[in-house]
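Here the structure is laid out as structure tokens; the discussion comes afterwards.
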Amino acid sequence: MDEGVTLRITGVEPGDEIAGARKVTIATTRGAIPLMLHSAPEKGRAVLCVSGAMGGFDGPSMLYPRLGLAMPKRGLTIARLDYRAPNEFGECLVDAMAALTFLGGIGNERVALIGHSFGGAVAINAGTLSPIVTSVIALSSQLAGAHMAGELAPKPLLLIHGGADTILSHESSQALYDRAGEPKTIRILPGVGHGLSEASDEVFELVSDWLMRHLSEC
């Protein structure tokens with residue numbers, strides 16, 4: 001990322017609504033950032049979901065659209081982000097920060113961040129930088145770029161990793177856990193790979209319960 005060039009949001013363009021999700025484009029001075037927004041009837045609490053290095057809206061084992069279908073009924077808005085420049089860490093972090101600014105601008109005072117793989121490091125970094133982020137979930141997270149984990153506290157951190165992950169060893173999440181301050185939780189799932197497909201229902205329940213607990217009003 002060119003540190004001499006900043007990104008400014010210049011507008012927000014709502015698009016079509018499909019199956020309860022509205023496509024939203026955040027127009028910026030460095031290109032368009034696409035979001036899929038599943039809005040809850042109430043304002044105030046939201047979740048920003050970011051994917052791995054390849055980008056996309058869906059996350060591991062379609063977790064993010066599944067959250068988009070279920071969580072608005074429980075009072076949580078779900079926003080699914082796709083990157084402008086996948087696998088460019090600095091640019092992806094800027095995208096996440098812009099999306100958080102957007103979510104704050106539409107009335108959300110408490111936001112959780114979820115990231116998978118490469119996106120786990122994006123979520124941890126953005127969580128240390130944004131005052132509206134109240135908790136972070138990192139799934140099958142890489143260690144590179146996530147050195148900020150120790151600065152996240154006292155915001156709660158949940159780490160979930162498959163014990164049979166052959167792309168990123170679960171030792172990556174264990175190292176993040178060791179670096180992080182309290183409160184923190186780690187779940188290593190035996191026999192589960194990088195995409196978490198072998199435990200998709202368990203992961204959905206773990207994530208859903210965490211979001212409801214940590215996005216509740218103080």
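Scheme for the structure tokens: letters A, B, ... for chains in order shown; per-chain residue numbers from 1; ligand numbers from 1 in order shown.
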
Excluding Phe57 of chain A and residues on its chain fewer than 3 positions from it, collect all residues at most 8 Å away from it, counting only C-alpha atoms, and give them as a PyMOL selection string.
chain A and resi 35-36+50-51+64-65+80-82

Keeping only C-alpha atoms, write those residues as a PDB file, in the first residue's frame.
```
ATOM      1  CA  LEU A  35     -20.521  -5.011   0.447  1.00  0.00           C
ATOM      2  CA  MET A  36     -23.464  -7.324   0.902  1.00  0.00           C
ATOM      3  CA  VAL A  50     -13.955 -10.467   5.779  1.00  0.00           C
ATOM      4  CA  SER A  51     -12.664 -13.419   3.795  1.00  0.00           C
ATOM      5  CA  TYR A  64     -21.080 -15.501   6.193  1.00  0.00           C
ATOM      6  CA  PRO A  65     -24.285 -15.795   4.118  1.00  0.00           C
ATOM      7  CA  ARG A  80     -20.016  -9.103   4.053  1.00  0.00           C
ATOM      8  CA  LEU A  81     -17.019  -7.364   2.477  1.00  0.00           C
ATOM      9  CA  ASP A  82     -15.172  -8.172  -0.733  1.00  0.00           C
TER      10      ASP A  82
END
```

Contact residues around Leu159 of chain A with only C-alpha atoms at 7 Å, ignoring same-chain residues under 3 positions, as a PyMOL selection string:
chain A and resi 137-139+173+185-187

Would you pick out the contacts of segment 52-54 of chain A at 6 Å or less, using only C-alpha atoms, so that residues sharing its chain but fewer than 2 positions from it are not included, and give the list as a PyMOL selection string?
chain A and resi 86-87+116-119

I'd like the contact shell of Val12 of chain A - 6 Å cut-off, only C-alpha atoms, skipping same-chain residues fewer than 2 positions apart - returned as a PyMOL selection string.
chain A and resi 25-27

Expected answer as an MDAnalysis selection string: alpha helix (DSSP H) residues in segment 15-179 of chain A:
chainID A and resid 63:70 89:105 118:129 170:179

Could those residues be written to a file, using N, CA and C atoms, as a compact mmCIF listing (two decimals), in the first residue's frame?
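Result went into selection_7.txt, see below:
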```txt
# COMPACT_ATOMS: atom_id res chain seq x y z
N LEU A 63 -20.21 -19.66 5.70
CA LEU A 63 -20.58 -19.17 7.03
C LEU A 63 -21.20 -17.77 6.97
N TYR A 64 -20.64 -16.90 6.16
CA TYR A 64 -21.08 -15.50 6.19
C TYR A 64 -22.51 -15.32 5.66
N PRO A 65 -22.88 -15.91 4.51
CA PRO A 65 -24.29 -15.80 4.12
C PRO A 65 -25.24 -16.49 5.09
N ARG A 66 -24.77 -17.54 5.72
CA ARG A 66 -25.59 -18.22 6.72
C ARG A 66 -25.86 -17.29 7.91
N LEU A 67 -24.83 -16.57 8.34
CA LEU A 67 -25.03 -15.56 9.39
C LEU A 67 -25.97 -14.47 8.90
N GLY A 68 -25.84 -14.10 7.62
CA GLY A 68 -26.69 -13.06 7.06
C GLY A 68 -28.16 -13.43 7.06
N LEU A 69 -28.45 -14.70 6.91
CA LEU A 69 -29.84 -15.16 6.94
C LEU A 69 -30.39 -15.22 8.36
N ALA A 70 -29.53 -15.60 9.32
CA ALA A 70 -30.01 -15.89 10.67
C ALA A 70 -29.94 -14.70 11.63
N PHE A 89 -2.28 -6.88 1.80
CA PHE A 89 -2.73 -6.74 3.18
C PHE A 89 -3.10 -5.30 3.54
N GLY A 90 -2.25 -4.36 3.20
CA GLY A 90 -2.53 -2.97 3.55
C GLY A 90 -3.82 -2.46 2.93
N GLU A 91 -4.05 -2.80 1.67
CA GLU A 91 -5.26 -2.36 0.98
C GLU A 91 -6.50 -3.03 1.58
N CYS A 92 -6.38 -4.31 1.93
CA CYS A 92 -7.52 -5.01 2.52
C CYS A 92 -7.85 -4.46 3.91
N LEU A 93 -6.82 -4.05 4.65
CA LEU A 93 -7.06 -3.43 5.95
C LEU A 93 -7.77 -2.09 5.78
N VAL A 94 -7.37 -1.31 4.77
CA VAL A 94 -8.04 -0.05 4.49
C VAL A 94 -9.51 -0.29 4.13
N ASP A 95 -9.78 -1.34 3.34
CA ASP A 95 -11.17 -1.68 2.99
C ASP A 95 -11.99 -1.96 4.24
N ALA A 96 -11.42 -2.74 5.16
CA ALA A 96 -12.13 -3.07 6.39
C ALA A 96 -12.42 -1.81 7.20
N MET A 97 -11.44 -0.91 7.28
CA MET A 97 -11.64 0.33 8.04
C MET A 97 -12.72 1.20 7.39
N ALA A 98 -12.75 1.23 6.06
CA ALA A 98 -13.79 2.00 5.36
C ALA A 98 -15.17 1.40 5.63
N ALA A 99 -15.26 0.08 5.62
CA ALA A 99 -16.54 -0.58 5.90
C ALA A 99 -16.99 -0.32 7.33
N LEU A 100 -16.06 -0.29 8.27
CA LEU A 100 -16.40 0.04 9.65
C LEU A 100 -16.90 1.47 9.76
N THR A 101 -16.28 2.38 9.03
CA THR A 101 -16.75 3.77 9.01
C THR A 101 -18.18 3.84 8.48
N PHE A 102 -18.45 3.09 7.42
CA PHE A 102 -19.80 3.04 6.87
C PHE A 102 -20.80 2.50 7.88
N LEU A 103 -20.45 1.39 8.54
CA LEU A 103 -21.37 0.80 9.52
C LEU A 103 -21.62 1.76 10.68
N GLY A 104 -20.59 2.46 11.11
CA GLY A 104 -20.79 3.46 12.15
C GLY A 104 -21.68 4.60 11.68
N GLY A 105 -21.51 4.97 10.42
CA GLY A 105 -22.29 6.08 9.87
C GLY A 105 -23.77 5.79 9.72
N PHE A 118 -6.19 -15.33 5.93
CA PHE A 118 -5.63 -13.99 5.72
C PHE A 118 -6.51 -12.93 6.37
N GLY A 119 -7.82 -13.11 6.26
CA GLY A 119 -8.76 -12.16 6.84
C GLY A 119 -8.76 -12.13 8.35
N GLY A 120 -8.27 -13.20 8.99
CA GLY A 120 -8.13 -13.17 10.44
C GLY A 120 -7.17 -12.10 10.88
N ALA A 121 -6.06 -11.97 10.16
CA ALA A 121 -5.09 -10.93 10.47
C ALA A 121 -5.66 -9.54 10.17
N VAL A 122 -6.43 -9.43 9.08
CA VAL A 122 -7.09 -8.15 8.77
C VAL A 122 -8.03 -7.76 9.91
N ALA A 123 -8.82 -8.73 10.38
CA ALA A 123 -9.79 -8.45 11.44
C ALA A 123 -9.10 -8.05 12.74
N ILE A 124 -8.03 -8.74 13.10
CA ILE A 124 -7.32 -8.40 14.34
C ILE A 124 -6.75 -7.00 14.27
N ASN A 125 -6.12 -6.66 13.15
CA ASN A 125 -5.56 -5.32 13.00
C ASN A 125 -6.63 -4.24 13.03
N ALA A 126 -7.70 -4.44 12.26
CA ALA A 126 -8.78 -3.45 12.24
C ALA A 126 -9.42 -3.32 13.61
N GLY A 127 -9.49 -4.43 14.33
CA GLY A 127 -10.08 -4.39 15.67
C GLY A 127 -9.29 -3.53 16.64
N THR A 128 -7.97 -3.46 16.46
CA THR A 128 -7.17 -2.61 17.33
C THR A 128 -7.30 -1.14 16.96
N LEU A 129 -7.72 -0.86 15.73
CA LEU A 129 -7.73 0.52 15.23
C LEU A 129 -9.08 1.22 15.35
N HIS A 170 -2.79 -25.16 13.07
CA HIS A 170 -3.48 -24.60 14.24
C HIS A 170 -2.50 -23.94 15.21
N GLU A 171 -1.20 -24.21 15.05
CA GLU A 171 -0.20 -23.55 15.88
C GLU A 171 -0.20 -22.04 15.65
N SER A 172 -0.67 -21.60 14.47
CA SER A 172 -0.79 -20.17 14.20
C SER A 172 -1.77 -19.52 15.16
N SER A 173 -2.94 -20.12 15.30
CA SER A 173 -3.93 -19.57 16.24
C SER A 173 -3.46 -19.71 17.68
N GLN A 174 -2.74 -20.79 17.98
CA GLN A 174 -2.22 -20.95 19.34
C GLN A 174 -1.22 -19.85 19.66
N ALA A 175 -0.40 -19.48 18.68
CA ALA A 175 0.56 -18.39 18.89
C ALA A 175 -0.16 -17.07 19.09
N LEU A 176 -1.24 -16.84 18.35
CA LEU A 176 -2.03 -15.62 18.54
C LEU A 176 -2.66 -15.60 19.93
N TYR A 177 -3.16 -16.75 20.35
CA TYR A 177 -3.76 -16.85 21.68
C TYR A 177 -2.72 -16.51 22.75
N ASP A 178 -1.51 -17.04 22.58
CA ASP A 178 -0.47 -16.79 23.57
C ASP A 178 -0.09 -15.31 23.63
N ARG A 179 -0.17 -14.62 22.49
CA ARG A 179 0.19 -13.20 22.45
C ARG A 179 -0.93 -12.29 22.96
```

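Here atom CA of Val136 of chain A and atom CA of Val203 of chain A stand 14.7 Å from one another.
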